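S.K.: The structure is given below, and queries will be raised subsequently.
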Amino acid sequence: MGLSRALEPCGKQAAATFPVVVLTGPRQCGKTTLLQGLFGRSHGYATLDHPDLVARAHSDPISFLRDHPTPLVLDEVQHAPGLLPYIKAAVDAARRPGRFVLTGSQSFPLMRGIAESLAGRAAVLRLDPFTVAERQQVATGSMEHLLAQVFGEASANWTPQDLGAWMRRGGYPEPCLLDTIDPSLWFSSYIDTYLARDVRDLLQVGDLVTFQRFLVLCAARSGRLLNFTDLARDVGIAPTTARRWLSVLEASQVVHQVQPWFENYGKRIAKASKLVFLDVGLCAALMGLRSVESMMHGPAAGALAETAVIAEWIKAFRSRGHEPRVYHWNAHSGVEIDLVVEWDGRLHAIEVKSTATPTPTHAAGLRQWLDWAGPRARGAVACLVERPAALTPGIRAVPWHLAVHASNGAEPASS
């Protein structure tokens with residue numbers, strides 16, 4: 001499963017610049033594999049998944065670090081947060097780039113420790129499950145070039161990717177890359193051993209049944225506007241509890257809250273956010289969907305398609321080392337835009353449709369939005385077409401995913 005990841009250039013650059021590199025991400029997304037590929041020959045390796053090493057790190061951190069000299073990859077460092085002040089002291093004594101590379105799955109407590117101990121000394125990178133482009137091993141270049149490919153300013157060859165197969169297997173490396181693995185069984189195990197155990201323990205939730213109901217109801221709301229009062233009522237918890245639980249899911253890189261876009265920057269968080277799972281396979285599994293038929297043609301088909309598209313854009317930003325500049329838009333008139341990507345002063349609006357035969361009617365809302373937004377805005381309908389096709393002036397239908405081969409003369413992949 002040794003496929004290259006889009007984050008690799010950022011990892012190399014960070015290690016050449018900062019004394020500490022921190023790689024966070026959900027369990028089983030490929031952090032260890034990525035770091036072994038990047039630093040396997042240059043760095044030592046220790047994992048704090050082993051109880052004996054955790055005990056040593058807690059009882060005698062100075063001796064532990066002496067026995068594991070730098071440069072060092074230290075895996076699952078959230079199990080021994082007491083090491084972070086001693087890593088800080090070691091870095092301050094000899095501030096060479098790339099001395100420590102740390103990973104952690106539970107980024108909520110880990111990032112608190114990083115902020116307290118390693119501020120100004122660490123570069124923080126986030127690894128998500130595979131994107132379609134990574135699965136297909138195509139290089140889409142910088143964000144500027146990716147946007148140009150999608151919105152028609154640069155030619156590209158699109159690599160086919162069946163949405164139903166992606167919904168069923170998602171981007172976690174094992175179900176994504178290994179056809180021999182039953183994705184339903186894998187996701188069931190993942191939900192039981194990670195979401196229902198690690199995240200629940202992190203939140204100190206004693207009622208497993210209630211927390212599992214919360215996960216399922218969050219999945220059922222993926223791709224839709226989030227109403228904490230309704231979510232809390234349906235789960236049977238207080239709205240403040242729902243917000244706290246969701247904040248940890250977001251910090252653990254399981255979900256992302258897409259904020260509304262407004263012309264006035266100060267109003268971006270004034271309205272409801274849109275909840276999006278970062279892996280559509282996990283989302284479908286939590287909803288109890290097992291077959292491509294139920295995912296593509298059932299009542300959740302539209303929301304799952306929107307989840308898949310928005311997640312690809314979020315991961316496209318993070319795999320290049322950028323914070324996602326993705327929003328949604330809702331007008332009082334009822335016009336809705338599923339996704340607004342803001343980059344370098346320009347706006348890129350995307351409507352998601354689970355159809356292989358788009359018509360100008362599918363672009364009606366986009367047309368209104370572009371007329372309002374002006375010349376700095378562009379639009380596209382992400383759907384099930386195999387190659388881009390014009391719909392209306394300035395708007396074209398494009399494949400739902402971002403796996404595009406750069407044409408001759410196009411820029412190579414970069415961070």
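Chain identifiers are assigned as A, B, and so on, following the order in which chains appear in the structure tokens; residues are numbered from 1 within each chain, and ligands are numbered from 1 in order of appearance.
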What lies within 12 Å of A:Arg112 using only C-alpha atoms, ignoring chain neighbours under 5 positions off, as number ranges by chain?

M.R.: A: 78, 81, 84, 104, 106-107, 117-119, 251

S.K.: Residues of the last selection are to be written out with all heavy atoms, as a CSV table (one decimal), in the first residue's frame.

M.R.:
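Written output follows (result.csv):
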chain,number,residue,atom,x,y,z
A,78,GLN,N,0.6,11.4,21.9
A,78,GLN,CA,-0.4,11.8,22.8
A,78,GLN,C,-0.5,10.9,24.0
A,78,GLN,O,-1.1,11.3,25.0
A,78,GLN,CB,-1.8,11.9,22.1
A,78,GLN,CG,-2.5,10.6,21.9
A,78,GLN,CD,-2.0,9.8,20.6
A,78,GLN,OE1,-1.2,10.4,19.9
A,78,GLN,NE2,-2.5,8.7,20.4
A,81,PRO,N,2.1,12.9,26.9
A,81,PRO,CA,2.3,14.3,26.8
A,81,PRO,C,3.3,14.9,27.7
A,81,PRO,O,3.8,16.0,27.4
A,81,PRO,CB,0.9,14.8,27.1
A,81,PRO,CG,0.3,13.8,28.0
A,81,PRO,CD,0.8,12.5,27.5
A,84,LEU,N,6.6,16.4,26.1
A,84,LEU,CA,6.7,17.6,25.3
A,84,LEU,C,7.6,18.7,25.9
A,84,LEU,O,8.4,19.3,25.2
A,84,LEU,CB,5.3,18.1,25.0
A,84,LEU,CG,4.4,17.2,24.2
A,84,LEU,CD1,3.0,17.8,24.0
A,84,LEU,CD2,5.1,17.0,22.8
A,104,GLY,N,0.3,12.0,16.2
A,104,GLY,CA,-0.8,11.8,17.2
A,104,GLY,C,-2.1,11.7,16.6
A,104,GLY,O,-2.4,12.5,15.6
A,106,GLN,N,-5.2,11.6,18.5
A,106,GLN,CA,-6.2,12.5,19.2
A,106,GLN,C,-5.6,13.9,19.3
A,106,GLN,O,-5.0,14.3,20.2
A,106,GLN,CB,-6.4,11.9,20.6
A,106,GLN,CG,-6.9,10.4,20.6
A,106,GLN,CD,-6.9,9.8,21.9
A,106,GLN,OE1,-6.5,10.4,22.9
A,106,GLN,NE2,-7.4,8.6,22.0
A,107,SER,N,-5.9,14.6,18.2
A,107,SER,CA,-5.2,15.9,18.1
A,107,SER,C,-5.7,17.0,19.1
A,107,SER,O,-5.1,18.0,19.3
A,107,SER,CB,-5.3,16.5,16.7
A,107,SER,OG,-6.7,16.7,16.3
A,117,SER,N,3.8,23.9,24.9
A,117,SER,CA,5.2,23.5,25.0
A,117,SER,C,6.1,23.8,23.8
A,117,SER,O,7.3,24.1,24.0
A,117,SER,CB,5.4,22.0,25.3
A,117,SER,OG,4.7,21.7,26.5
A,118,LEU,N,5.5,23.8,22.6
A,118,LEU,CA,6.3,23.8,21.4
A,118,LEU,C,5.9,25.0,20.5
A,118,LEU,O,6.2,24.9,19.3
A,118,LEU,CB,6.3,22.5,20.7
A,118,LEU,CG,6.8,21.3,21.4
A,118,LEU,CD1,6.5,20.0,20.6
A,118,LEU,CD2,8.3,21.4,21.7
A,119,ALA,N,5.2,26.0,21.0
A,119,ALA,CA,4.8,27.1,20.2
A,119,ALA,C,6.1,27.8,19.5
A,119,ALA,O,7.1,28.0,20.2
A,119,ALA,CB,4.1,28.1,21.0
A,251,ALA,N,-11.9,18.0,16.1
A,251,ALA,CA,-10.5,18.1,16.4
A,251,ALA,C,-9.8,16.8,16.0
A,251,ALA,O,-8.6,16.7,15.7
A,251,ALA,CB,-10.3,18.4,17.9

S.K.: Could you list, with a cut-off of 10 Å and counting only C-alpha atoms, the residues of stretch 275-351 of chain A near stretch 124-146 of chain A, each shown with its nearest atom pair and the distance in Å rounded to one decimal, rows sorted by chain and ascending number, as a tab-separated table?

M.R.:
residue	atom	partner	partner_atom	distance
A:Leu278	CA	A:Asp128	CA	7.7
A:Asp279	CA	A:Pro129	CA	6.9
A:Ala308	CA	A:Thr131	CA	9.9
A:Ala311	CA	A:Thr131	CA	8.6
A:Glu312	CA	A:Thr131	CA	6.1
A:Trp313	CA	A:Thr131	CA	9.1
A:Ile314	CA	A:Asp128	CA	9.5
A:Lys315	CA	A:Asp128	CA	6.5
A:Ala316	CA	A:Thr131	CA	7.6
A:Phe317	CA	A:Met143	CA	7.3
A:Arg318	CA	A:Arg126	CA	6.4
A:Ser319	CA	A:Leu127	CA	6.8
A:Arg320	CA	A:Ser142	CA	7.5
A:Gly321	CA	A:Leu125	CA	6.5
A:His322	CA	A:Leu125	CA	9.0
A:Glu323	CA	A:Arg126	CA	9.6
A:Trp343	CA	A:Glu144	CA	8.0
A:Asp344	CA	A:Glu144	CA	8.7

S.K.: May I have the selected residues written with N, CA and C atoms, as an mmCIF file, in the first residue's frame?

M.R.:
data_model
loop_
_atom_site.group_PDB
_atom_site.id
_atom_site.type_symbol
_atom_site.label_atom_id
_atom_site.label_comp_id
_atom_site.auth_asym_id
_atom_site.auth_seq_id
_atom_site.Cartn_x
_atom_site.Cartn_y
_atom_site.Cartn_z
ATOM 1 N N LEU A 278 -15.332 13.753 6.816
ATOM 2 C CA LEU A 278 -14.169 13.822 5.932
ATOM 3 C C LEU A 278 -13.926 12.523 5.182
ATOM 4 N N ASP A 279 -14.677 11.468 5.510
ATOM 5 C CA ASP A 279 -14.610 10.242 4.733
ATOM 6 C C ASP A 279 -16.028 9.758 4.491
ATOM 7 N N ALA A 308 -19.073 13.673 -0.264
ATOM 8 C CA ALA A 308 -17.895 13.211 -1.001
ATOM 9 C C ALA A 308 -17.188 14.369 -1.692
ATOM 10 N N ALA A 311 -15.677 16.958 0.938
ATOM 11 C CA ALA A 311 -14.523 16.363 1.612
ATOM 12 C C ALA A 311 -13.290 16.368 0.717
ATOM 13 N N GLU A 312 -13.460 16.121 -0.586
ATOM 14 C CA GLU A 312 -12.315 16.156 -1.496
ATOM 15 C C GLU A 312 -11.686 17.535 -1.530
ATOM 16 N N TRP A 313 -12.492 18.584 -1.505
ATOM 17 C CA TRP A 313 -11.941 19.939 -1.521
ATOM 18 C C TRP A 313 -11.242 20.277 -0.199
ATOM 19 N N ILE A 314 -11.825 19.869 0.918
ATOM 20 C CA ILE A 314 -11.172 20.114 2.213
ATOM 21 C C ILE A 314 -9.815 19.422 2.248
ATOM 22 N N LYS A 315 -9.781 18.161 1.821
ATOM 23 C CA LYS A 315 -8.526 17.409 1.827
ATOM 24 C C LYS A 315 -7.540 17.974 0.815
ATOM 25 N N ALA A 316 -8.033 18.531 -0.291
ATOM 26 C CA ALA A 316 -7.132 19.144 -1.272
ATOM 27 C C ALA A 316 -6.363 20.305 -0.654
ATOM 28 N N PHE A 317 -7.033 21.106 0.159
ATOM 29 C CA PHE A 317 -6.350 22.201 0.850
ATOM 30 C C PHE A 317 -5.340 21.647 1.854
ATOM 31 N N ARG A 318 -5.776 20.732 2.712
ATOM 32 C CA ARG A 318 -4.919 20.289 3.808
ATOM 33 C C ARG A 318 -3.736 19.473 3.303
ATOM 34 N N SER A 319 -3.904 18.752 2.201
ATOM 35 C CA SER A 319 -2.789 17.975 1.678
ATOM 36 C C SER A 319 -1.711 18.858 1.073
ATOM 37 N N ARG A 320 -2.024 20.136 0.882
ATOM 38 C CA ARG A 320 -1.036 21.101 0.405
ATOM 39 C C ARG A 320 -0.552 22.007 1.529
ATOM 40 N N GLY A 321 -0.933 21.700 2.756
ATOM 41 C CA GLY A 321 -0.480 22.466 3.907
ATOM 42 C C GLY A 321 -1.270 23.730 4.169
ATOM 43 N N HIS A 322 -2.469 23.867 3.566
ATOM 44 C CA HIS A 322 -3.296 25.063 3.735
ATOM 45 C C HIS A 322 -4.506 24.769 4.612
ATOM 46 N N GLU A 323 -4.960 25.787 5.322
ATOM 47 C CA GLU A 323 -6.246 25.676 5.995
ATOM 48 C C GLU A 323 -7.348 25.744 4.939
ATOM 49 N N TRP A 343 -10.025 31.619 -2.836
ATOM 50 C CA TRP A 343 -8.582 31.496 -2.977
ATOM 51 C C TRP A 343 -8.019 32.730 -3.684
ATOM 52 N N ASP A 344 -7.106 33.413 -2.995
ATOM 53 C CA ASP A 344 -6.389 34.549 -3.570
ATOM 54 C C ASP A 344 -7.334 35.602 -4.128
#

S.K.: I'd like to know which of A:Ala301, A:Ala196, A:Val150, A:Ile87 is closest to A:Ala389, using only C-alpha atoms.

M.R.: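 Using only C-alpha atoms, the shortest distance to A:Ala389 belongs to A:Val150.
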
S.K.: Stretch 354-359 of chain A: which residues within 7 Å, counting only C-alpha atoms, same-chain residues fewer than 3 positions away excluded, as a count of residues only?

M.R.: 8

S.K.: What are the closest atom pairs, with distances in Å to one decimal, for each residue of stretch 219-284 of chain A lying within 10 Å of stretch 180-185 of chain A, using only C-alpha atoms, rows by chain and rising residue number, as a Markdown table?

M.R.:
| residue | atom | partner | partner_atom | distance |
| --- | --- | --- | --- | --- |
| A:Gly281 | CA | A:Pro183 | CA | 8.3 |
| A:Leu282 | CA | A:Ser184 | CA | 9.3 |
| A:Ala284 | CA | A:Ser184 | CA | 9.6 |

S.K.: Name the closest residue to A:Val255 among the candidates A:Ser222, A:Thr33, A:Asn227, A:Thr240; distances are taken between atoms, counting only C-alpha atoms.

M.R.: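 Smallest separation from A:Val255 among the options: A:Ser222.
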
S.K.: Please give the complete set of residues from stretch 68-315 of chain A that DSSP, run on the backbone, assigns to helix (DSSP H, G or I), formatted as a VMD selection string.

M.R.: chain A and resid 77 to 79 81 to 93 107 to 117 132 to 136 143 to 150 163 to 169 173 to 177 183 to 203 208 to 220 228 to 235 239 to 251 265 to 267 280 to 286 292 to 297 301 to 315

S.K.: Produce a file of the selected residues containing C-alpha atoms, as a short mmCIF file (atom, residue, chain, number, x, y, z; two decimals), in the first residue's frame.

M.R.:
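What follows is the written file result11.cif:
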data_model
loop_
_atom_site.label_atom_id
_atom_site.label_comp_id
_atom_site.auth_asym_id
_atom_site.auth_seq_id
_atom_site.Cartn_x
_atom_site.Cartn_y
_atom_site.Cartn_z
CA VAL A 77 3.00 10.96 21.29
CA GLN A 78 -0.41 11.81 22.79
CA HIS A 79 0.08 8.78 25.07
CA PRO A 81 2.27 14.32 26.77
CA GLY A 82 4.76 14.76 29.61
CA LEU A 83 7.55 14.32 27.05
CA LEU A 84 6.71 17.59 25.31
CA PRO A 85 8.44 19.96 27.81
CA TYR A 86 11.59 17.82 27.61
CA ILE A 87 11.45 17.87 23.81
CA LYS A 88 11.18 21.66 24.07
CA ALA A 89 14.28 21.77 26.28
CA ALA A 90 16.20 19.55 23.86
CA VAL A 91 15.21 21.75 20.91
CA ASP A 92 16.15 24.93 22.74
CA ALA A 93 19.56 23.44 23.51
CA SER A 107 -5.19 15.93 18.12
CA PHE A 108 -7.40 17.74 20.66
CA PRO A 109 -5.19 17.09 23.74
CA LEU A 110 -2.07 16.81 21.60
CA MET A 111 -2.51 20.27 20.11
CA ARG A 112 -3.10 21.74 23.56
CA GLY A 113 0.26 20.30 24.62
CA ILE A 114 1.93 21.57 21.44
CA ALA A 115 0.56 25.08 22.02
CA GLU A 116 1.81 25.06 25.60
CA SER A 117 5.24 23.51 25.04
CA VAL A 132 -9.33 10.29 -5.15
CA ALA A 133 -6.27 11.89 -6.76
CA GLU A 134 -3.98 10.07 -4.31
CA ARG A 135 -5.81 6.81 -4.89
CA GLN A 136 -5.35 7.27 -8.64
CA MET A 143 -4.24 25.02 -5.50
CA GLU A 144 -4.03 27.63 -8.25
CA HIS A 145 -3.50 24.99 -10.89
CA LEU A 146 -6.13 22.64 -9.46
CA LEU A 147 -8.71 25.43 -9.54
CA ALA A 148 -7.71 26.28 -13.11
CA GLN A 149 -8.18 22.65 -14.13
CA VAL A 150 -11.61 22.41 -12.55
CA LEU A 163 -18.79 7.60 -6.98
CA GLY A 164 -20.64 4.53 -5.72
CA ALA A 165 -17.42 2.55 -5.27
CA TRP A 166 -15.88 5.53 -3.44
CA MET A 167 -18.89 5.81 -1.14
CA ARG A 168 -18.61 2.12 -0.29
CA ARG A 169 -14.86 2.00 0.37
CA PRO A 173 -6.00 3.02 3.25
CA GLU A 174 -7.07 -0.55 4.03
CA PRO A 175 -10.62 -0.59 2.60
CA CYS A 176 -9.62 1.88 -0.10
CA LEU A 177 -6.62 -0.02 -1.46
CA PRO A 183 -15.47 -2.48 3.80
CA SER A 184 -18.59 -3.05 5.90
CA LEU A 185 -16.65 -5.25 8.31
CA TRP A 186 -13.68 -2.87 8.38
CA PHE A 187 -15.78 0.20 9.12
CA SER A 188 -17.75 -1.66 11.78
CA SER A 189 -14.50 -2.53 13.54
CA TYR A 190 -13.18 1.01 13.11
CA ILE A 191 -16.33 2.51 14.61
CA ASP A 192 -16.21 0.12 17.58
CA THR A 193 -12.49 0.41 18.31
CA TYR A 194 -11.83 4.07 17.52
CA LEU A 195 -14.91 6.25 17.45
CA ALA A 196 -16.83 4.39 20.13
CA ARG A 197 -13.77 3.81 22.33
CA ASP A 198 -10.97 6.32 21.83
CA VAL A 199 -13.11 9.39 21.17
CA ARG A 200 -15.65 8.39 23.81
CA ASP A 201 -12.87 7.89 26.36
CA LEU A 202 -11.41 11.24 25.40
CA LEU A 203 -14.79 12.83 26.12
CA LEU A 208 -21.94 4.09 24.97
CA VAL A 209 -25.44 3.71 23.49
CA THR A 210 -26.10 7.46 23.61
CA PHE A 211 -22.72 8.27 22.09
CA GLN A 212 -23.24 5.77 19.27
CA ARG A 213 -26.64 7.34 18.59
CA PHE A 214 -24.90 10.72 18.43
CA LEU A 215 -22.44 9.40 15.83
CA VAL A 216 -25.22 7.93 13.69
CA LEU A 217 -27.29 11.11 13.81
CA CYS A 218 -24.25 13.22 12.91
CA ALA A 219 -23.67 10.97 9.88
CA ALA A 220 -27.31 11.40 8.88
CA PHE A 228 -27.48 21.85 17.48
CA THR A 229 -30.84 22.10 19.22
CA ASP A 230 -32.43 19.54 16.90
CA LEU A 231 -29.38 17.26 17.04
CA ALA A 232 -29.27 17.37 20.84
CA ARG A 233 -33.01 16.69 21.12
CA ASP A 234 -32.82 13.68 18.81
CA VAL A 235 -29.83 12.25 20.71
CA PRO A 239 -27.11 21.32 23.21
CA THR A 240 -23.92 22.26 25.06
CA THR A 241 -23.02 18.57 25.27
CA ALA A 242 -23.69 18.13 21.55
CA ARG A 243 -21.37 21.07 20.79
CA ARG A 244 -18.62 19.63 23.00
CA TRP A 245 -18.87 16.17 21.50
CA LEU A 246 -18.85 17.54 17.97
CA SER A 247 -15.86 19.78 18.70
CA VAL A 248 -13.82 16.71 19.66
CA LEU A 249 -14.94 14.84 16.52
CA GLU A 250 -13.78 17.84 14.53
CA ALA A 251 -10.45 18.08 16.39
CA TYR A 265 -16.10 38.78 6.77
CA GLY A 266 -17.51 39.49 10.22
CA LYS A 267 -20.72 37.62 9.41
CA VAL A 280 -17.82 9.41 2.91
CA GLY A 281 -17.23 5.66 3.41
CA LEU A 282 -17.22 6.08 7.19
CA CYS A 283 -20.29 8.32 6.94
CA ALA A 284 -22.24 5.75 4.91
CA ALA A 285 -21.19 2.95 7.27
CA LEU A 286 -22.44 4.88 10.30
CA VAL A 292 -23.72 0.83 -3.64
CA GLU A 293 -27.40 0.72 -4.58
CA SER A 294 -28.53 2.04 -1.18
CA MET A 295 -25.87 4.74 -1.22
CA MET A 296 -26.43 5.96 -4.78
CA HIS A 297 -30.20 5.62 -5.04
CA ALA A 301 -27.83 9.82 -2.04
CA GLY A 302 -27.75 13.59 -2.48
CA ALA A 303 -26.25 14.25 0.95
CA LEU A 304 -23.61 11.55 0.48
CA ALA A 305 -22.65 12.96 -2.92
CA GLU A 306 -22.28 16.41 -1.38
CA THR A 307 -20.24 14.92 1.47
CA ALA A 308 -17.90 13.21 -1.00
CA VAL A 309 -17.34 16.36 -3.07
CA ILE A 310 -16.85 18.79 -0.18
CA ALA A 311 -14.52 16.36 1.61
CA GLU A 312 -12.31 16.16 -1.50
CA TRP A 313 -11.94 19.94 -1.52
CA ILE A 314 -11.17 20.11 2.21
CA LYS A 315 -8.53 17.41 1.83
#

S.K.: Taking only C-alpha atoms into account, which of A:Thr70, A:Ser291, A:Gln13, A:Gln161 comes nearest A:Ser42?

M.R.: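 Closest to A:Ser42, using only C-alpha atoms: A:Thr70.
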
S.K.: From the DSSP assignment of the backbone, select every residue of stretch 46-139 of chain A that is strand (DSSP E), and format the answer as a PyMOL selection string.

M.R.: chain A and resi 46-47+72-75+100-104+122-126

S.K.: Out of A:Ala80, A:Ile62, A:Val22, A:Ala331, which residue has the shortest atom-to-atom distance to A:Arg121 when counting only C-alpha atoms?

M.R.: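 When distances to A:Arg121 are compared using only C-alpha atoms, the smallest one comes from A:Val22.
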
S.K.: Between atom CA of A:Phe39 and atom CA of A:Arg66, measure the distance and give it in Å to one decimal.

M.R.: 19.7 Å

S.K.: Within 10 Å of A:Glu336, counting only C-alpha atoms, which residues qualify if same-chain residues fewer than 3 places away don't, as a PyMOL selection string?

M.R.: chain A and resi 328-333+339+351+365-366+368-369

S.K.: Write to file, as a PDB file, in the first residue's frame, the residues of the selection just made, with N, CA, C and O atoms.

M.R.:
ATOM      1  N   HIS A 328     -20.184  27.520   2.557  1.00  0.00           N
ATOM      2  CA  HIS A 328     -21.433  27.329   1.823  1.00  0.00           C
ATOM      3  C   HIS A 328     -22.169  28.652   1.821  1.00  0.00           C
ATOM      4  O   HIS A 328     -21.782  29.597   2.511  1.00  0.00           O
ATOM      5  N   TRP A 329     -23.227  28.751   1.032  1.00  0.00           N
ATOM      6  CA  TRP A 329     -23.943  30.025   0.901  1.00  0.00           C
ATOM      7  C   TRP A 329     -25.432  29.770   0.800  1.00  0.00           C
ATOM      8  O   TRP A 329     -25.878  28.895   0.050  1.00  0.00           O
ATOM      9  N   ASN A 330     -26.180  30.510   1.592  1.00  0.00           N
ATOM     10  CA  ASN A 330     -27.637  30.430   1.558  1.00  0.00           C
ATOM     11  C   ASN A 330     -28.207  31.835   1.558  1.00  0.00           C
ATOM     12  O   ASN A 330     -27.861  32.654   2.415  1.00  0.00           O
ATOM     13  N   ALA A 331     -29.083  32.102   0.595  1.00  0.00           N
ATOM     14  CA  ALA A 331     -29.720  33.413   0.502  1.00  0.00           C
ATOM     15  C   ALA A 331     -31.125  33.346   1.094  1.00  0.00           C
ATOM     16  O   ALA A 331     -31.760  32.290   1.131  1.00  0.00           O
ATOM     17  N   HIS A 332     -31.611  34.507   1.531  1.00  0.00           N
ATOM     18  CA  HIS A 332     -32.971  34.556   2.066  1.00  0.00           C
ATOM     19  C   HIS A 332     -33.984  34.202   0.991  1.00  0.00           C
ATOM     20  O   HIS A 332     -35.091  33.750   1.291  1.00  0.00           O
ATOM     21  N   SER A 333     -33.612  34.382  -0.275  1.00  0.00           N
ATOM     22  CA  SER A 333     -34.510  34.065  -1.381  1.00  0.00           C
ATOM     23  C   SER A 333     -34.658  32.575  -1.611  1.00  0.00           C
ATOM     24  O   SER A 333     -35.510  32.140  -2.386  1.00  0.00           O
ATOM     25  N   LEU A 339     -21.058  24.777  -2.134  1.00  0.00           N
ATOM     26  CA  LEU A 339     -19.657  24.981  -1.767  1.00  0.00           C
ATOM     27  C   LEU A 339     -19.126  26.240  -2.438  1.00  0.00           C
ATOM     28  O   LEU A 339     -19.323  26.446  -3.640  1.00  0.00           O
ATOM     29  N   GLU A 351     -21.924  23.607  -7.268  1.00  0.00           N
ATOM     30  CA  GLU A 351     -23.149  22.904  -6.932  1.00  0.00           C
ATOM     31  C   GLU A 351     -22.929  21.417  -7.161  1.00  0.00           C
ATOM     32  O   GLU A 351     -22.304  21.019  -8.151  1.00  0.00           O
ATOM     33  N   GLY A 365     -29.221  28.112  -9.872  1.00  0.00           N
ATOM     34  CA  GLY A 365     -28.786  28.813  -8.662  1.00  0.00           C
ATOM     35  C   GLY A 365     -27.405  29.413  -8.818  1.00  0.00           C
ATOM     36  O   GLY A 365     -27.144  30.530  -8.361  1.00  0.00           O
ATOM     37  N   LEU A 366     -26.499  28.670  -9.458  1.00  0.00           N
ATOM     38  CA  LEU A 366     -25.153  29.190  -9.713  1.00  0.00           C
ATOM     39  C   LEU A 366     -25.204  30.448 -10.565  1.00  0.00           C
ATOM     40  O   LEU A 366     -24.453  31.402 -10.329  1.00  0.00           O
ATOM     41  N   GLN A 368     -27.534  32.729 -10.763  1.00  0.00           N
ATOM     42  CA  GLN A 368     -27.936  33.862  -9.926  1.00  0.00           C
ATOM     43  C   GLN A 368     -26.785  34.317  -9.039  1.00  0.00           C
ATOM     44  O   GLN A 368     -26.552  35.522  -8.868  1.00  0.00           O
ATOM     45  N   TRP A 369     -26.081  33.356  -8.475  1.00  0.00           N
ATOM     46  CA  TRP A 369     -24.988  33.707  -7.568  1.00  0.00           C
ATOM     47  C   TRP A 369     -23.851  34.406  -8.312  1.00  0.00           C
ATOM     48  O   TRP A 369     -23.286  35.388  -7.833  1.00  0.00           O
TER      49      TRP A 369
END

S.K.: In Å, with one decimal, what is the gap from atom CA of A:Ala382 to atom CA of A:Lys353?

M.R.: 6.3 Å

S.K.: Report as a list of chain:residue names all protein, DNA and RNA residues lying within 6 Å of A:His348, evaluated on only C-alpha atoms, omitting residues in the same chain fewer than 5 positions from it.

M.R.: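 Contacts, in chain order: A:Val340, A:Val341, A:Ala377, A:Arg378, A:Gly379.
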